[in-house]
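**Student:** This is final-v5.txt, which holds compact mmCIF, C-alpha atoms:
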# COMPACT_ATOMS: atom_id res chain seq x y z
CA MET A 893 -25.48 73.68 23.34
CA MET A 894 -25.73 75.80 26.48
CA LYS A 895 -25.96 79.51 25.68
CA THR A 896 -26.33 81.31 29.02
CA LEU A 897 -25.16 81.12 32.63
CA GLN A 898 -28.65 79.98 33.64
CA ASP A 899 -28.77 77.06 31.19
CA THR A 900 -29.33 73.67 32.80
CA THR A 901 -28.83 69.97 32.26
CA THR A 902 -31.66 67.65 33.24
CA LEU A 903 -30.67 64.95 35.73
CA HIS A 904 -32.15 61.48 35.33
CA ASN A 905 -34.90 62.24 37.84
CA GLY A 906 -36.01 65.33 35.91
CA VAL A 907 -34.35 67.93 38.17
CA LYS A 908 -32.67 70.74 36.27
CA MET A 909 -29.08 71.52 37.35
CA PRO A 910 -27.15 74.56 36.09
CA TRP A 911 -24.17 73.70 33.90
CA PHE A 912 -22.09 76.31 35.69
CA GLY A 913 -21.71 77.27 39.33
CA LEU A 914 -19.46 78.63 42.06
CA GLY A 915 -17.35 76.28 44.18
CA VAL A 916 -16.21 77.46 47.63
CA PHE A 917 -13.55 74.91 48.62
CA LYS A 918 -10.91 76.64 50.77
CA VAL A 919 -12.93 79.87 50.86
CA SER A 920 -12.78 81.18 54.42
CA GLU A 921 -15.88 81.23 56.61
CA GLY A 922 -17.21 84.71 57.25
CA GLY A 923 -16.87 87.76 55.05
CA GLU A 924 -14.82 86.10 52.32
CA VAL A 925 -17.33 83.37 51.49
CA ILE A 926 -20.35 85.63 52.07
CA ASP A 927 -18.98 88.13 49.55
CA ALA A 928 -18.08 85.47 46.98
CA VAL A 929 -21.50 83.81 47.08
CA ARG A 930 -23.42 87.09 47.06
CA THR A 931 -21.28 88.39 44.17
CA ALA A 932 -21.83 85.23 42.14
CA ILE A 933 -25.60 85.30 42.55
CA ILE A 934 -25.83 89.01 41.71
CA ASN A 935 -23.82 88.33 38.55
CA GLY A 936 -26.09 85.57 37.31
CA TYR A 937 -24.77 82.38 38.90
CA ARG A 938 -27.56 80.02 39.91
CA SER A 939 -25.53 77.17 41.43
CA ILE A 940 -23.49 77.19 44.65
CA ASP A 941 -21.43 74.17 45.77
CA THR A 942 -20.19 73.72 49.33
CA ALA A 943 -19.58 70.86 51.79
CA ALA A 944 -19.69 70.26 55.52
CA ALA A 945 -15.92 69.70 55.46
CA TYR A 946 -15.30 73.17 54.01
CA GLY A 947 -16.39 74.72 57.31
CA ASN A 948 -18.16 77.59 55.57
CA GLU A 949 -21.81 76.54 55.30
CA GLU A 950 -23.02 79.35 57.59
CA GLY A 951 -21.29 81.98 55.46
CA VAL A 952 -22.58 80.35 52.28
CA GLY A 953 -26.09 80.56 53.70
CA GLN A 954 -25.67 84.23 54.56
CA GLY A 955 -24.25 84.92 51.09
CA ILE A 956 -27.24 83.13 49.56
CA ARG A 957 -29.74 85.21 51.54
CA GLU A 958 -27.99 88.46 50.62
CA GLY A 959 -27.56 87.42 46.99
CA LEU A 960 -31.18 86.39 46.57
CA ALA A 961 -32.35 89.68 48.05
CA GLU A 962 -30.08 91.81 45.87
CA ALA A 963 -30.77 89.82 42.70
CA GLY A 964 -34.51 89.80 43.36
CA ILE A 965 -34.84 86.04 42.84
CA THR A 966 -36.35 83.24 44.91
CA ARG A 967 -34.69 80.31 46.65
CA GLU A 968 -36.29 78.01 44.07
CA GLU A 969 -34.23 79.68 41.33
CA LEU A 970 -30.97 78.64 43.02
CA PHE A 971 -29.31 75.20 43.00
CA VAL A 972 -27.44 74.49 46.25
CA THR A 973 -25.15 71.50 46.82
CA SER A 974 -23.48 70.22 49.99
CA LYS A 975 -21.78 66.98 50.96
CA VAL A 976 -21.64 64.59 53.91
CA TRP A 977 -18.15 64.22 55.36
CA ASN A 978 -16.34 60.92 55.95
CA SER A 979 -16.71 60.90 59.74
CA ASP A 980 -20.51 61.13 59.35
CA LEU A 981 -20.90 58.27 56.87
CA GLY A 982 -23.40 55.71 58.13
CA TYR A 983 -27.19 55.59 58.07
CA GLU A 984 -28.30 57.58 61.12
CA SER A 985 -25.18 59.76 61.15
CA THR A 986 -25.71 60.77 57.51
CA LEU A 987 -29.34 61.69 58.20
CA ALA A 988 -28.16 63.81 61.13
CA ALA A 989 -25.38 65.40 59.06
CA TYR A 990 -27.92 66.48 56.45
CA GLU A 991 -30.01 68.26 59.08
CA THR A 992 -26.88 69.92 60.45
CA SER A 993 -25.93 71.21 57.00
CA LEU A 994 -29.44 72.58 56.46
CA LYS A 995 -29.31 74.33 59.84
CA ASN A 996 -25.87 75.81 59.11
CA LEU A 997 -27.01 77.00 55.68
CA GLY A 998 -30.35 78.28 56.97
CA LEU A 999 -32.19 76.37 54.25
CA ASP A 1000 -35.24 74.09 54.20
CA TYR A 1001 -33.80 71.73 51.59
CA LEU A 1002 -30.80 71.11 49.35
CA ASP A 1003 -30.99 70.67 45.60
CA LEU A 1004 -28.16 68.13 45.65
CA TYR A 1005 -26.55 66.19 48.49
CA LEU A 1006 -23.40 64.16 47.83
CA ILE A 1007 -21.31 61.54 49.60
CA HIS A 1008 -17.98 63.39 49.70
CA TRP A 1009 -15.60 60.40 49.51
CA PRO A 1010 -16.11 56.64 49.01
CA VAL A 1011 -14.96 55.45 52.43
CA GLU A 1012 -14.78 51.66 52.23
CA GLY A 1013 -17.39 49.88 54.31
CA LYS A 1014 -19.31 53.08 55.01
CA TYR A 1015 -20.60 54.60 51.80
CA LYS A 1016 -23.37 52.06 51.17
CA GLU A 1017 -25.10 52.86 54.47
CA ALA A 1018 -24.66 56.56 53.74
CA TRP A 1019 -26.24 56.02 50.32
CA ARG A 1020 -29.22 54.29 51.95
CA ALA A 1021 -29.65 57.43 54.08
CA LEU A 1022 -29.52 59.65 50.99
CA GLU A 1023 -32.17 57.46 49.36
CA THR A 1024 -34.35 57.92 52.46
CA LEU A 1025 -33.94 61.71 52.32
CA TYR A 1026 -34.80 61.66 48.63
CA LYS A 1027 -37.88 59.46 49.04
CA LYS A 1028 -39.13 61.77 51.80
CA ASP A 1029 -38.70 64.79 49.48
CA ARG A 1030 -36.13 66.32 51.82
CA VAL A 1031 -33.66 66.77 48.95
CA LYS A 1032 -34.19 67.29 45.21
CA ALA A 1033 -31.33 65.08 43.98
CA ILE A 1034 -28.63 62.82 45.44
CA GLY A 1035 -25.21 61.81 44.21
CA VAL A 1036 -21.61 61.02 44.99
CA SER A 1037 -18.22 62.66 44.79
CA ASN A 1038 -14.80 61.18 44.03
CA PHE A 1039 -16.23 57.78 43.07
CA HIS A 1040 -14.25 55.68 40.62
CA ILE A 1041 -16.01 53.20 38.34
CA HIS A 1042 -15.51 50.33 40.79
CA HIS A 1043 -17.07 52.37 43.61
CA LEU A 1044 -20.09 53.13 41.43
CA GLU A 1045 -20.39 49.49 40.39
CA GLU A 1046 -20.31 48.39 44.02
CA LEU A 1047 -22.87 51.02 45.03
CA LEU A 1048 -25.22 50.08 42.20
CA LYS A 1049 -25.32 46.43 43.35
CA ASP A 1050 -27.57 47.41 46.27
CA ALA A 1051 -28.80 50.91 45.41
CA GLU A 1052 -32.50 51.46 44.77
CA ILE A 1053 -31.71 54.82 43.18
CA THR A 1054 -28.86 55.47 40.75
CA PRO A 1055 -26.78 58.53 41.74
CA MET A 1056 -27.76 61.58 39.71
CA VAL A 1057 -24.25 63.12 39.84
CA ASP A 1058 -20.62 62.10 40.32
CA GLN A 1059 -18.46 65.11 41.17
CA VAL A 1060 -14.77 64.39 40.55
CA GLU A 1061 -11.47 66.08 39.87
CA TYR A 1062 -11.57 66.84 36.16
CA HIS A 1063 -9.37 69.04 33.99
CA PRO A 1064 -7.22 68.73 30.82
CA PHE A 1065 -4.52 66.79 32.71
CA LEU A 1066 -7.14 64.40 34.18
CA THR A 1067 -9.85 63.77 31.60
CA GLN A 1068 -11.35 60.69 33.29
CA ALA A 1069 -12.46 59.33 29.90
CA GLU A 1070 -13.45 55.85 31.10
CA LEU A 1071 -15.34 57.20 34.10
CA HIS A 1072 -17.13 59.71 31.88
CA LYS A 1073 -18.13 56.93 29.51
CA PHE A 1074 -19.43 54.82 32.42
CA CYS A 1075 -21.43 57.75 33.82
CA LYS A 1076 -23.01 58.47 30.45
CA ALA A 1077 -24.02 54.82 30.11
CA HIS A 1078 -25.73 54.95 33.52
CA ASP A 1079 -27.22 58.45 33.09
CA ILE A 1080 -25.05 59.90 35.87
CA GLN A 1081 -24.08 63.53 35.31
CA LEU A 1082 -20.33 64.13 35.63
CA GLU A 1083 -19.32 67.31 37.46
CA ALA A 1084 -15.83 68.82 37.63
CA TRP A 1085 -14.12 70.04 40.76
CA SER A 1086 -10.78 71.80 40.40
CA PRO A 1087 -11.48 72.38 36.69
CA LEU A 1088 -8.54 74.79 36.44
CA MET A 1089 -6.18 72.42 38.29
CA GLN A 1090 -5.69 75.10 40.94
CA GLY A 1091 -4.19 77.44 38.35
CA LYS A 1092 -1.46 75.01 37.27
CA LEU A 1093 -2.62 74.95 33.63
CA LEU A 1094 -2.88 78.66 32.97
CA ASP A 1095 0.50 78.95 31.21
CA HIS A 1096 0.32 75.71 29.19
CA PRO A 1097 1.40 76.59 25.61
CA VAL A 1098 -1.41 74.69 23.86
CA LEU A 1099 -4.01 76.38 26.03
CA VAL A 1100 -2.34 79.77 25.68
CA GLU A 1101 -2.40 79.36 21.90
CA ILE A 1102 -6.09 78.42 21.80
CA ALA A 1103 -6.92 81.27 24.17
CA ALA A 1104 -5.15 83.77 21.88
CA LYS A 1105 -7.00 82.42 18.85
CA THR A 1106 -10.41 82.63 20.52
CA GLU A 1107 -9.61 85.95 22.24
CA LYS A 1108 -10.45 84.39 25.60
CA THR A 1109 -8.48 83.65 28.75
CA VAL A 1110 -6.96 80.21 29.31
CA ALA A 1111 -9.38 79.71 32.20
CA GLN A 1112 -12.33 80.48 29.94
CA VAL A 1113 -11.03 78.03 27.32
CA ILE A 1114 -10.74 75.23 29.91
CA LEU A 1115 -14.19 75.92 31.35
CA ARG A 1116 -15.68 75.96 27.85
CA TRP A 1117 -13.99 72.61 27.18
CA ASP A 1118 -15.75 71.22 30.26
CA LEU A 1119 -19.12 72.39 29.05
CA GLN A 1120 -18.69 71.15 25.50
CA ASN A 1121 -17.74 67.77 26.94
CA GLY A 1122 -21.07 67.75 28.77
CA VAL A 1123 -19.46 68.18 32.20
CA VAL A 1124 -20.97 70.49 34.83
CA THR A 1125 -18.29 72.80 36.22
CA ILE A 1126 -17.90 74.83 39.44
CA PRO A 1127 -14.75 76.99 39.38
CA LYS A 1128 -13.79 78.68 42.62
CA SER A 1129 -12.87 82.34 42.98
CA ILE A 1130 -13.21 85.02 45.62
CA LYS A 1131 -12.46 87.99 43.35
CA GLU A 1132 -15.45 89.70 41.74
CA ALA A 1133 -13.66 90.29 38.43
CA ARG A 1134 -12.64 86.63 38.21
CA ILE A 1135 -16.07 85.36 39.23
CA ILE A 1136 -17.55 87.38 36.36
CA GLN A 1137 -14.78 86.49 33.91
CA ASN A 1138 -15.04 82.76 34.62
CA SER A 1139 -18.72 82.84 33.71
CA GLN A 1140 -18.18 84.53 30.34
CA VAL A 1141 -17.92 81.24 28.47
CA PHE A 1142 -21.27 81.18 26.69
CA ASP A 1143 -20.45 83.50 23.79
CA PHE A 1144 -17.95 81.29 21.96
CA GLU A 1145 -17.38 77.67 20.93
CA LEU A 1146 -14.24 75.61 20.66
CA THR A 1147 -13.73 73.77 17.38
CA ASP A 1148 -13.59 69.97 17.30
CA GLU A 1149 -9.85 70.27 16.69
CA ASP A 1150 -9.39 72.52 19.72
CA MET A 1151 -11.42 70.11 21.85
CA GLU A 1152 -9.28 67.17 20.75
CA ARG A 1153 -6.02 69.06 21.34
CA ILE A 1154 -7.10 69.93 24.88
CA SER A 1155 -8.25 66.38 25.64
CA ALA A 1156 -4.91 65.07 24.32
CA LEU A 1157 -3.15 66.90 27.18
CA ASN A 1158 -4.35 64.17 29.58
CA GLU A 1159 -1.62 62.79 31.87
CA ASN A 1160 -3.93 61.19 34.48
CA LYS A 1161 -2.39 63.73 36.83
CA ARG A 1162 -4.16 64.84 40.01
CA VAL A 1163 -3.84 67.85 42.29
CA GLY A 1164 -6.13 66.23 44.86
CA PRO A 1165 -5.99 62.79 46.47
CA ASP A 1166 -6.71 59.61 44.56
CA PRO A 1167 -9.95 58.17 46.00
CA ASP A 1168 -8.28 54.75 46.16
CA ASN A 1169 -5.34 56.07 48.19
CA PHE A 1170 -6.90 58.72 50.37
CA ASN A 1171 -6.18 58.73 54.09
CA PHE A 1172 -9.75 58.73 55.34
Starting from the coordinates I provided, produce the structure as structure tokens.
**Tutor:**
Amino acid sequence: MMKTLQDTTTLHNGVKMPWFGLGVFKVSEGGEVIDAVRTAIINGYRSIDTAAAYGNEEGVGQGIREGLAEAGITREELFVTSKVWNSDLGYESTLAAYETSLKNLGLDYLDLYLIHWPVEGKYKEAWRALETLYKKDRVKAIGVSNFHIHHLEELLKDAEITPMVDQVEYHPFLTQAELHKFCKAHDIQLEAWSPLMQGKLLDHPVLVEIAAKTEKTVAQVILRWDLQNGVVTIPKSIKEARIIQNSQVFDFELTDEDMERISALNENKRVGPDPDNFNF
């Protein structure tokens, strides 16, 4: 079981990915995202997740440079993820989008590049582009985001390389059990976005009770549940105290009973769009 903020899972191609990272969805470009990223790195985070659609890649890059300098670590010690947006899906356009993201971030490579959404009729060509980037050693790992089982099945019909990661909405109200089972069977690492359901779970009585028992916050309990389920997690925060607090989930374990009680909260309820009904 993971014991520290730097602990990693090994993706099916041998690349090591931190179990825990900082997400920057809806974090404003400029000072806000620079500060959040720098703060995370200084406080031990080794994974940063952004996307072209977030509009903050330049700030993320600046935060990375400042964080690396202050923490005294190298670029190779950090795991950086970005994603290709829907309007850029296609073979040549995805290749171009990758170069644009690198330029915005000020980086020579990404550790993980994802297809952001499974736009029908477009994601297979985008995947072919990701395979090209991977074969040319331009990116360490490739994957998808918001893919249901049927999207993965369709992709795998023609894919030369199985995605290393599927990043999806995942929290106690949306446990994605069947998808998780499918990903395990195909050696695809599941990763959680919106693990705290945008704060909507923080007063749930079951979670409050478990938090009191473990002397942890509800957020810490949920994030620990992610990890013990073998799901990589990337909570978002812009406050230094919360960034630090979120990461303090390696000094306790939830019991099997606690894990089951949390999983039983599932309602298949989303805060984000359903990938099958998203207005692309």
**Student:** Report as a Markdown table: every residue of region 950-1022 of chain A with an atom at most 6 Å from region 1034-1043 of chain A, its closest pair of atoms, and their distance in Å to one decimal, counting only C-alpha atoms, with rows sorted by chain and ascending residue number.
**Tutor:**
| residue | atom | partner | partner_atom | distance |
| --- | --- | --- | --- | --- |
| A:Leu1004 | CA | A:Ile1034 | CA | 5.3 |
| A:Tyr1005 | CA | A:Ile1034 | CA | 5.0 |
| A:Leu1006 | CA | A:Val1036 | CA | 4.6 |
| A:Ile1007 | CA | A:Val1036 | CA | 4.6 |
| A:His1008 | CA | A:Ser1037 | CA | 5.0 |
| A:Trp1009 | CA | A:Asn1038 | CA | 5.6 |
**Student:** Kindly give the distance, in Å, that separates CA of Leu970 (chain A) and CA of Ile1053 (chain A), rounded to a single decimal.
**Tutor:**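 Separation of CA of Leu970 (chain A) and CA of Ile1053 (chain A): 23.8 Å.
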**Student:** Enumerate, as a PyMOL selection string, the protein, DNA and RNA residues whose atoms approach (-21.2, 55.5, 32.9) to within 12 Å, taking into account only C-alpha atoms and the coordinate frame of the file.
**Tutor:** chain A and resi 1039-1045+1048+1054-1058+1068-1082
**Student:** Could you work out how far CA of Thr902 (chain A) lies from CA of Leu1119 (chain A), giving the answer in Å with one decimal?
**Tutor:**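 We find that CA of Leu1119 (chain A) and CA of Thr902 (chain A) lie 14.0 Å from each other.
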**Student:** Any idea what's packed within 8 Å of region 996-1000 of chain A, counting all atoms listed in the file, ignoring anything in its chain fewer than 5 positions away? Could you give it as an MDAnalysis selection string?
**Tutor:** chainID A and resid 949:954
